[in-house]
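A.B. asks: One file: final21.cif (mmCIF, C-alpha atoms).
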data_my_file
loop_
_atom_site.label_atom_id
_atom_site.label_comp_id
_atom_site.auth_asym_id
_atom_site.auth_seq_id
_atom_site.Cartn_x
_atom_site.Cartn_y
_atom_site.Cartn_z
CA MET A 1 10.29 -20.31 -13.07
CA ASN A 2 10.55 -17.35 -10.69
CA TYR A 3 8.74 -15.24 -13.24
CA ILE A 4 5.90 -17.71 -13.61
CA ASN A 5 5.47 -17.92 -9.83
CA ALA A 6 5.49 -14.13 -9.55
CA PHE A 7 2.88 -13.89 -12.33
CA LEU A 8 0.62 -16.50 -10.72
CA VAL A 9 0.80 -15.20 -7.15
CA GLY A 10 0.54 -11.55 -8.17
CA GLY A 11 -2.31 -12.31 -10.54
CA ALA A 12 -4.16 -14.30 -7.87
CA ILE A 13 -3.89 -11.48 -5.32
CA CYS A 14 -5.21 -8.99 -7.89
CA LEU A 15 -8.00 -11.45 -8.73
CA VAL A 16 -9.12 -11.37 -5.09
CA GLY A 17 -9.19 -7.57 -5.38
CA GLN A 18 -11.25 -7.76 -8.57
CA ILE A 19 -13.80 -10.10 -6.99
CA LEU A 20 -14.21 -7.63 -4.11
CA LEU A 21 -14.42 -4.74 -6.58
CA SER A 22 -17.09 -6.38 -8.76
CA LYS A 23 -19.12 -8.27 -6.18
CA THR A 24 -19.14 -5.98 -3.14
CA ARG A 25 -18.80 -2.61 -4.89
CA MET A 26 -15.98 -1.72 -2.51
CA THR A 27 -14.17 1.47 -3.53
CA PRO A 28 -10.50 1.23 -4.60
CA ALA A 29 -9.53 3.18 -1.45
CA ARG A 30 -11.19 0.60 0.78
CA ILE A 31 -9.55 -2.23 -1.13
CA LEU A 32 -6.09 -0.67 -0.73
CA VAL A 33 -6.64 -0.15 3.03
CA LEU A 34 -8.02 -3.68 3.40
CA PHE A 35 -5.08 -5.19 1.50
CA VAL A 36 -2.34 -3.38 3.42
CA THR A 37 -3.99 -4.32 6.74
CA ALA A 38 -4.51 -7.90 5.58
CA GLY A 39 -0.82 -8.03 4.63
CA VAL A 40 0.18 -7.03 8.17
CA VAL A 41 -2.20 -9.53 9.78
CA LEU A 42 -1.28 -12.43 7.47
CA THR A 43 2.42 -11.76 8.06
CA ALA A 44 1.89 -11.63 11.82
CA ILE A 45 0.21 -15.04 11.87
CA GLY A 46 2.90 -16.49 9.61
CA LEU A 47 0.82 -17.06 6.48
CA TYR A 48 2.34 -14.44 4.20
CA GLU A 49 6.03 -15.37 4.44
CA PRO A 50 5.53 -18.69 2.56
CA LEU A 51 3.71 -16.78 -0.17
CA VAL A 52 6.71 -14.42 -0.51
CA GLU A 53 9.10 -17.37 -0.60
CA PHE A 54 7.08 -18.96 -3.39
CA GLY A 55 5.97 -15.93 -5.38
CA GLY A 56 8.75 -13.40 -4.75
CA ALA A 57 7.76 -10.06 -6.23
CA GLY A 58 4.33 -11.55 -6.97
CA ALA A 59 3.62 -11.35 -3.25
CA GLU A 60 5.64 -8.20 -2.57
CA VAL A 61 4.38 -5.89 -5.35
CA PRO A 62 0.64 -5.97 -4.41
CA LEU A 63 -0.32 -3.73 -1.47
CA THR A 64 -0.47 -6.79 0.79
CA GLY A 65 3.31 -6.84 0.25
CA PHE A 66 3.52 -3.32 1.68
CA GLY A 67 1.77 -4.65 4.80
CA TYR A 68 4.22 -7.56 4.81
CA SER A 69 7.20 -5.16 4.78
CA LEU A 70 5.63 -3.06 7.54
CA ALA A 71 5.05 -6.08 9.79
CA LYS A 72 8.45 -7.61 9.03
CA GLY A 73 10.08 -4.28 9.86
CA ALA A 74 8.18 -4.04 13.15
CA PHE A 75 9.29 -7.54 14.17
CA LYS A 76 12.89 -6.79 13.21
CA GLY A 77 12.68 -3.57 15.24
CA VAL A 78 11.44 -5.48 18.29
CA ASP A 79 14.23 -8.05 17.89
CA GLU A 80 16.86 -5.32 17.74
CA SER A 81 15.62 -2.70 20.19
CA GLY A 82 12.70 -4.08 22.18
CA ILE A 83 9.30 -2.44 22.54
CA LEU A 84 10.36 0.86 20.92
CA GLY A 85 11.28 -1.12 17.83
CA ALA A 86 7.57 -1.88 17.36
CA LEU A 87 7.10 1.85 16.86
CA SER A 88 10.04 2.55 14.57
CA GLY A 89 10.57 -0.75 12.76
CA GLY A 90 7.61 -0.74 10.38
CA VAL A 91 8.24 2.67 8.88
CA MET A 92 11.99 2.06 8.87
CA GLY A 93 11.50 -1.05 6.77
CA THR A 94 9.33 0.79 4.25
CA ALA A 95 10.86 4.29 4.43
CA GLY A 96 12.35 4.10 0.93
CA GLY A 97 9.04 3.18 -0.65
CA ILE A 98 7.08 5.81 1.29
CA ALA A 99 9.58 8.56 0.43
CA ALA A 100 9.62 7.44 -3.23
CA ALA A 101 5.81 7.64 -3.32
CA VAL A 102 5.83 11.14 -1.83
CA ILE A 103 8.59 12.61 -4.02
CA PHE A 104 7.60 10.97 -7.32
CA GLY A 105 3.93 11.67 -6.67
CA TYR A 106 4.69 15.30 -5.88
CA LEU A 107 6.97 15.82 -8.89
CA VAL A 108 4.53 14.24 -11.34
CA ALA A 109 1.66 16.33 -9.91
CA LEU A 110 3.82 19.45 -10.32
CA ILE A 111 4.96 18.76 -13.87
CA PHE A 112 1.81 17.41 -15.51
CA SER A 113 -1.60 19.00 -15.79
CA PRO A 114 -4.84 17.14 -15.14
CA LYS A 115 -6.27 15.19 -18.07
CA THR A 116 -9.88 15.80 -18.85
CA LYS A 117 -11.90 12.67 -18.35
CA LYS A 118 -13.54 11.39 -21.51
CA MET B 1 -44.47 -15.63 -36.27
CA ASP B 2 -45.14 -12.51 -34.24
CA ILE B 3 -45.63 -14.48 -31.05
CA ASN B 4 -42.39 -16.26 -31.69
CA ARG B 5 -40.64 -13.00 -32.19
CA VAL B 6 -42.01 -11.63 -28.93
CA LEU B 7 -40.96 -14.76 -27.12
CA ASP B 8 -37.58 -14.58 -28.73
CA LYS B 9 -37.30 -11.01 -27.67
CA LYS B 10 -38.27 -11.89 -24.11
CA ASN B 11 -35.96 -14.85 -24.06
CA TYR B 12 -33.25 -12.77 -25.54
CA GLN B 13 -33.64 -10.17 -22.80
CA LYS B 14 -33.62 -12.91 -20.18
CA TYR B 15 -30.55 -14.37 -21.85
CA VAL B 16 -28.85 -11.00 -21.80
CA LYS B 17 -29.72 -10.39 -18.17
CA LYS B 18 -28.52 -13.81 -17.14
CA ASN B 19 -25.32 -13.94 -19.12
CA MET B 20 -24.04 -10.42 -19.59
CA PRO B 21 -22.94 -9.63 -16.03
CA LYS B 22 -21.43 -13.06 -15.62
CA SER B 23 -19.30 -12.95 -18.76
CA LYS B 24 -18.41 -9.35 -17.97
CA PHE B 25 -17.39 -10.44 -14.48
CA LEU B 26 -15.24 -13.29 -15.83
CA LYS B 27 -13.60 -10.94 -18.32
CA GLU B 28 -12.88 -8.43 -15.54
CA CYS B 29 -11.33 -11.18 -13.45
CA ALA B 30 -9.18 -12.43 -16.33
CA MET B 31 -7.94 -8.92 -17.09
CA ALA B 32 -7.18 -8.21 -13.40
CA PHE B 33 -5.24 -11.47 -13.14
CA LEU B 34 -3.33 -10.84 -16.37
CA VAL B 35 -2.40 -7.20 -15.78
CA GLY B 36 -1.70 -7.65 -12.05
CA GLY B 37 0.40 -10.72 -12.81
CA LEU B 38 2.37 -8.87 -15.50
CA ILE B 39 3.12 -5.92 -13.20
CA CYS B 40 4.38 -8.39 -10.57
CA THR B 41 6.48 -10.15 -13.22
CA LEU B 42 8.05 -6.79 -14.03
CA GLY B 43 8.73 -6.45 -10.28
CA GLU B 44 10.47 -9.84 -10.32
CA ALA B 45 12.63 -8.68 -13.26
CA LEU B 46 13.54 -5.53 -11.30
CA ASP B 47 14.50 -7.76 -8.35
CA ASP B 48 16.84 -9.76 -10.60
CA PHE B 49 18.37 -6.60 -12.04
CA ALA B 50 18.92 -5.18 -8.53
CA GLU B 51 20.47 -8.42 -7.29
CA TYR B 52 22.69 -9.50 -10.21
CA THR B 53 23.56 -6.21 -11.89
CA LEU B 54 23.49 -3.66 -9.06
CA PHE B 55 24.57 -6.19 -6.37
CA LEU B 56 22.12 -4.78 -3.79
CA ASP B 57 21.34 -6.52 -0.49
CA GLU B 58 17.84 -7.77 0.40
CA ALA B 59 16.63 -4.43 1.79
CA GLY B 60 18.11 -2.59 -1.19
CA ILE B 61 16.36 -4.89 -3.66
CA GLY B 62 12.98 -4.18 -2.06
CA THR B 63 13.55 -0.43 -2.03
CA PHE B 64 14.80 -0.44 -5.63
CA ARG B 65 11.80 -2.46 -6.86
CA SER B 66 9.30 -0.31 -4.99
CA ALA B 67 10.91 2.98 -6.08
CA VAL B 68 11.00 2.03 -9.79
CA LEU B 69 7.42 0.70 -9.82
CA ILE B 70 6.16 3.75 -7.92
CA PHE B 71 7.95 6.01 -10.39
CA LEU B 72 6.41 4.16 -13.33
CA GLY B 73 2.93 4.23 -11.75
CA ALA B 74 3.23 7.96 -11.05
CA PHE B 75 4.67 8.79 -14.47
CA PHE B 76 2.08 6.85 -16.46
CA THR B 77 -0.65 8.47 -14.38
CA GLY B 78 0.84 11.87 -15.20
CA ILE B 79 0.75 11.26 -18.95
CA GLY B 80 -2.77 9.86 -18.69
CA ILE B 81 -2.04 6.26 -19.67
CA TYR B 82 -2.51 4.56 -16.30
CA ASP B 83 -6.15 5.55 -16.02
CA VAL B 84 -6.81 4.11 -19.48
CA LEU B 85 -5.19 0.86 -18.32
CA GLY B 86 -7.34 1.01 -15.18
CA ARG B 87 -10.52 0.99 -17.26
CA TYR B 88 -9.60 -2.44 -18.61
CA ALA B 89 -7.55 -3.93 -15.78
CA GLY B 90 -9.66 -2.98 -12.74
CA ALA B 91 -8.06 -4.33 -9.59
CA GLY B 92 -5.09 -5.53 -11.68
CA SER B 93 -4.01 -1.91 -11.85
CA ILE B 94 -5.24 -0.89 -8.37
CA VAL B 95 -3.76 -3.57 -6.11
CA PRO B 96 -0.08 -3.50 -7.22
CA ILE B 97 2.12 -0.73 -5.81
CA THR B 98 1.86 1.09 -9.17
CA GLY B 99 -1.83 1.52 -8.28
CA PHE B 100 -0.81 3.02 -4.95
CA ALA B 101 1.30 5.55 -6.89
CA ASN B 102 -1.71 6.19 -9.14
CA SER B 103 -3.89 6.82 -6.08
CA ILE B 104 -1.37 9.44 -4.92
CA VAL B 105 -0.96 11.30 -8.23
CA SER B 106 -4.59 11.25 -9.43
CA PRO B 107 -6.20 13.36 -6.67
CA ALA B 108 -3.13 15.62 -6.46
CA LEU B 109 -3.44 16.40 -10.17
CA GLU B 110 -7.20 16.79 -10.01
CA TYR B 111 -7.04 19.31 -7.16
CA LYS B 112 -3.96 21.14 -8.39
CA TRP B 113 -6.12 24.23 -8.92
CA GLU B 114 -6.57 24.47 -5.12
CA GLY B 115 -2.90 25.41 -4.83
CA TYR B 116 0.34 23.72 -3.89
CA ILE B 117 -0.30 23.30 -0.17
CA LEU B 118 -3.96 22.29 0.24
CA GLY B 119 -4.28 21.19 -3.39
CA VAL B 120 -1.28 19.11 -4.41
CA GLY B 121 0.32 18.72 -0.96
CA ALA B 122 -2.79 17.60 0.87
CA LYS B 123 -4.50 15.61 -1.88
CA LEU B 124 -1.42 13.43 -2.41
CA PHE B 125 -2.65 11.71 0.75
CA THR B 126 -6.34 11.33 -0.06
CA ILE B 127 -5.91 7.57 -0.39
CA ALA B 128 -2.27 7.16 0.66
CA GLY B 129 -3.17 8.72 4.04
CA PRO B 130 -5.67 6.04 5.08
CA VAL B 131 -3.36 3.32 3.69
CA LEU B 132 -0.50 4.61 5.86
CA VAL B 133 -2.74 5.14 8.91
CA TYR B 134 -4.11 1.60 8.86
CA GLY B 135 -0.92 -0.07 7.64
CA ILE B 136 1.40 1.59 10.15
CA SER B 137 -1.08 1.25 13.03
CA ALA B 138 -1.52 -2.45 12.30
CA SER B 139 2.26 -2.95 12.14
CA VAL B 140 2.78 -1.20 15.52
CA ILE B 141 0.08 -3.36 17.11
CA ALA B 142 1.60 -6.48 15.52
CA GLY B 143 5.04 -5.44 16.83
CA ILE B 144 3.70 -4.94 20.37
CA VAL B 145 1.94 -8.32 20.33
CA TYR B 146 5.17 -9.91 19.05
CA TYR B 147 7.10 -8.20 21.88
CA ILE B 148 4.64 -9.41 24.54
CA ILE B 149 4.74 -12.98 23.21
CA GLY B 150 8.54 -12.80 23.28
CA VAL B 151 8.56 -11.60 26.91
CA LEU B 152 6.11 -14.25 28.13
#
Translate the structure described by the file into structure tokens.

C.D. replies:
Amino acid sequence: MNYINAFLVGGAICLVGQILLSKTRMTPARILVLFVTAGVVLTAIGLYEPLVEFGGAGAEVPLTGFGYSLAKGAFKGVDESGILGALSGGVMGTAGGIAAAVIFGYLVALIFSPKTKK
Amino acid sequence: MDINRVLDKKNYQKYVKKNMPKSKFLKECAMAFLVGGLICTLGEALDDFAEYTLFLDEAGIGTFRSAVLIFLGAFFTGIGIYDVLGRYAGAGSIVPITGFANSIVSPALEYKWEGYILGVGAKLFTIAGPVLVYGISASVIAGIVYYIIGVL
């Protein structure tokens, strides 16, 4: 059941992205920025947490989930260490993912050579 | 006969114009839903593996899931498969975190010839940079608002 929920929620979030991609001709970069920001905002107003509870990874794997982790980290930071926690909490909560993106991205770019576009 | 054929041709072109983009759009949506959903289902499986086999805590599960998916996204971009998937899956391959990894590796590979500092090192952040700028900024603002509401 968890898997079905993850499939449905994740698929639905990607569907929103596809509608934006096809209908507004937004670039992928804009969609990624929009989704991460939307994830922060939706988490802040309490709308994203229920989606995570229902969909699990389906809500956490899309880039909105990255925004969710950032916002959740910032709130946790504030709870633990006050106003300075707003500054450190977001990145702290997502540090593993950010570092993984940097190191894996760097290594793959080092090892492989660019593919010619057909 | 000829007139009919012309009309048919006209109608056919109208028919094509009216229906092609729509059915293409629906197909794009279906593919985005399917591929995006499947990547998230894989994420859910990674969550289960992290929880019941590796016995990680909640923070560890999230980091494990993100790290594995980012690795897969980066690796399949490196061997040229992810971009082929992207042609069919559209947003289904862009919106999940594997797409974020793809957006990091793609420009870094493409501009590798500019060297390891301003080529690979800088271009890793062509899209990841704006994502981090807006994501982190929004989270700091959200944290400050949360702090102020808590104080009031």

A.B. asks: Might you pull out every residue within 7 Å of segment 35-41 of chain A, with all atoms listed in the file counted and same-chain residues fewer than 5 positions away left off, and present them as a VMD selection string?

C.D. replies: (chain A and resid 63 to 68 70 to 71) or (chain B and resid 131 134 to 135 138 to 139)

A.B. asks: Next, the residues of the selection above should be written as a short mmCIF file (atom, residue, chain, number, x, y, z; two decimals), in the frame of the given file with C-alpha atoms.

C.D. replies:
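Everything below was put into out_10.cif:
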data_model
loop_
_atom_site.label_atom_id
_atom_site.label_comp_id
_atom_site.auth_asym_id
_atom_site.auth_seq_id
_atom_site.Cartn_x
_atom_site.Cartn_y
_atom_site.Cartn_z
CA LEU A 63 -0.32 -3.73 -1.47
CA THR A 64 -0.47 -6.79 0.79
CA GLY A 65 3.31 -6.84 0.25
CA PHE A 66 3.52 -3.32 1.68
CA GLY A 67 1.77 -4.65 4.80
CA TYR A 68 4.22 -7.56 4.81
CA LEU A 70 5.63 -3.06 7.54
CA ALA A 71 5.05 -6.08 9.79
CA VAL B 131 -3.36 3.32 3.69
CA TYR B 134 -4.11 1.60 8.86
CA GLY B 135 -0.92 -0.07 7.64
CA ALA B 138 -1.52 -2.45 12.30
CA SER B 139 2.26 -2.95 12.14
#

A.B. asks: Running the PyMOL selection byres ((chain A) within 6 of (chain B)) on this model by hand, what would come out? Give it as a VMD selection string.

C.D. replies: chain A and resid 3 6 to 7 10 to 11 14 to 15 17 to 18 29 33 36 to 37 57 to 58 61 to 63 70 to 71 74 to 75 86 to 87 96 to 97 100 104 to 105 108 to 109 112 114

A.B. asks: Between atom CA of Leu8 of chain A and atom CA of Leu20 of chain A, what distance in Å does the model show, to one decimal?

C.D. replies: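 Pair atom CA of Leu8 of chain A / atom CA of Leu20 of chain A returns 18.5 Å.
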
A.B. asks: For atom CA of Phe54 of chain A and atom CA of Val9 of chain A, determine how far apart the two atoms are, in Å to one decimal place.

C.D. replies: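 Those two atoms sit 8.2 Å apart.
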
A.B. asks: Which polymer residues have any atom within 7 Å of an atom of Ser69 of chain A, counting all atoms listed in the file, with same-chain residues fewer than 4 positions away left out, as a ChimeraX atom specification?

C.D. replies: /A:65,73,93-94

A.B. asks: What does the structure give for the distance between atom CA of Ile13 of chain A and atom CA of Ala59 of chain A, in Å to one decimal?

C.D. replies: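 We find that atom CA of Ile13 of chain A and atom CA of Ala59 of chain A lie 7.8 Å from each other.
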
A.B. asks: How big is the axis-aligned box, and where does its centre sit, when it encloses all atoms of segment 62-76 of chain B listed in the file and has 5 Å added on every side, reported in Å to one decimal as AutoDock Vina command-line options?

C.D. replies:
--center_x 8.4 --center_y 2.3 --center_z -9.2 --size_x 22.7 --size_y 23.0 --size_z 24.4

A.B. asks: Rank B:Val84, B:Ile117, B:Ile149, B:Ile61 by their smallest atom-to-atom distance to Gly82 of chain A, using only C-alpha atoms, and report the top residue only.

C.D. replies: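 So, comparing all the options, the nearest one is B:Ile149.
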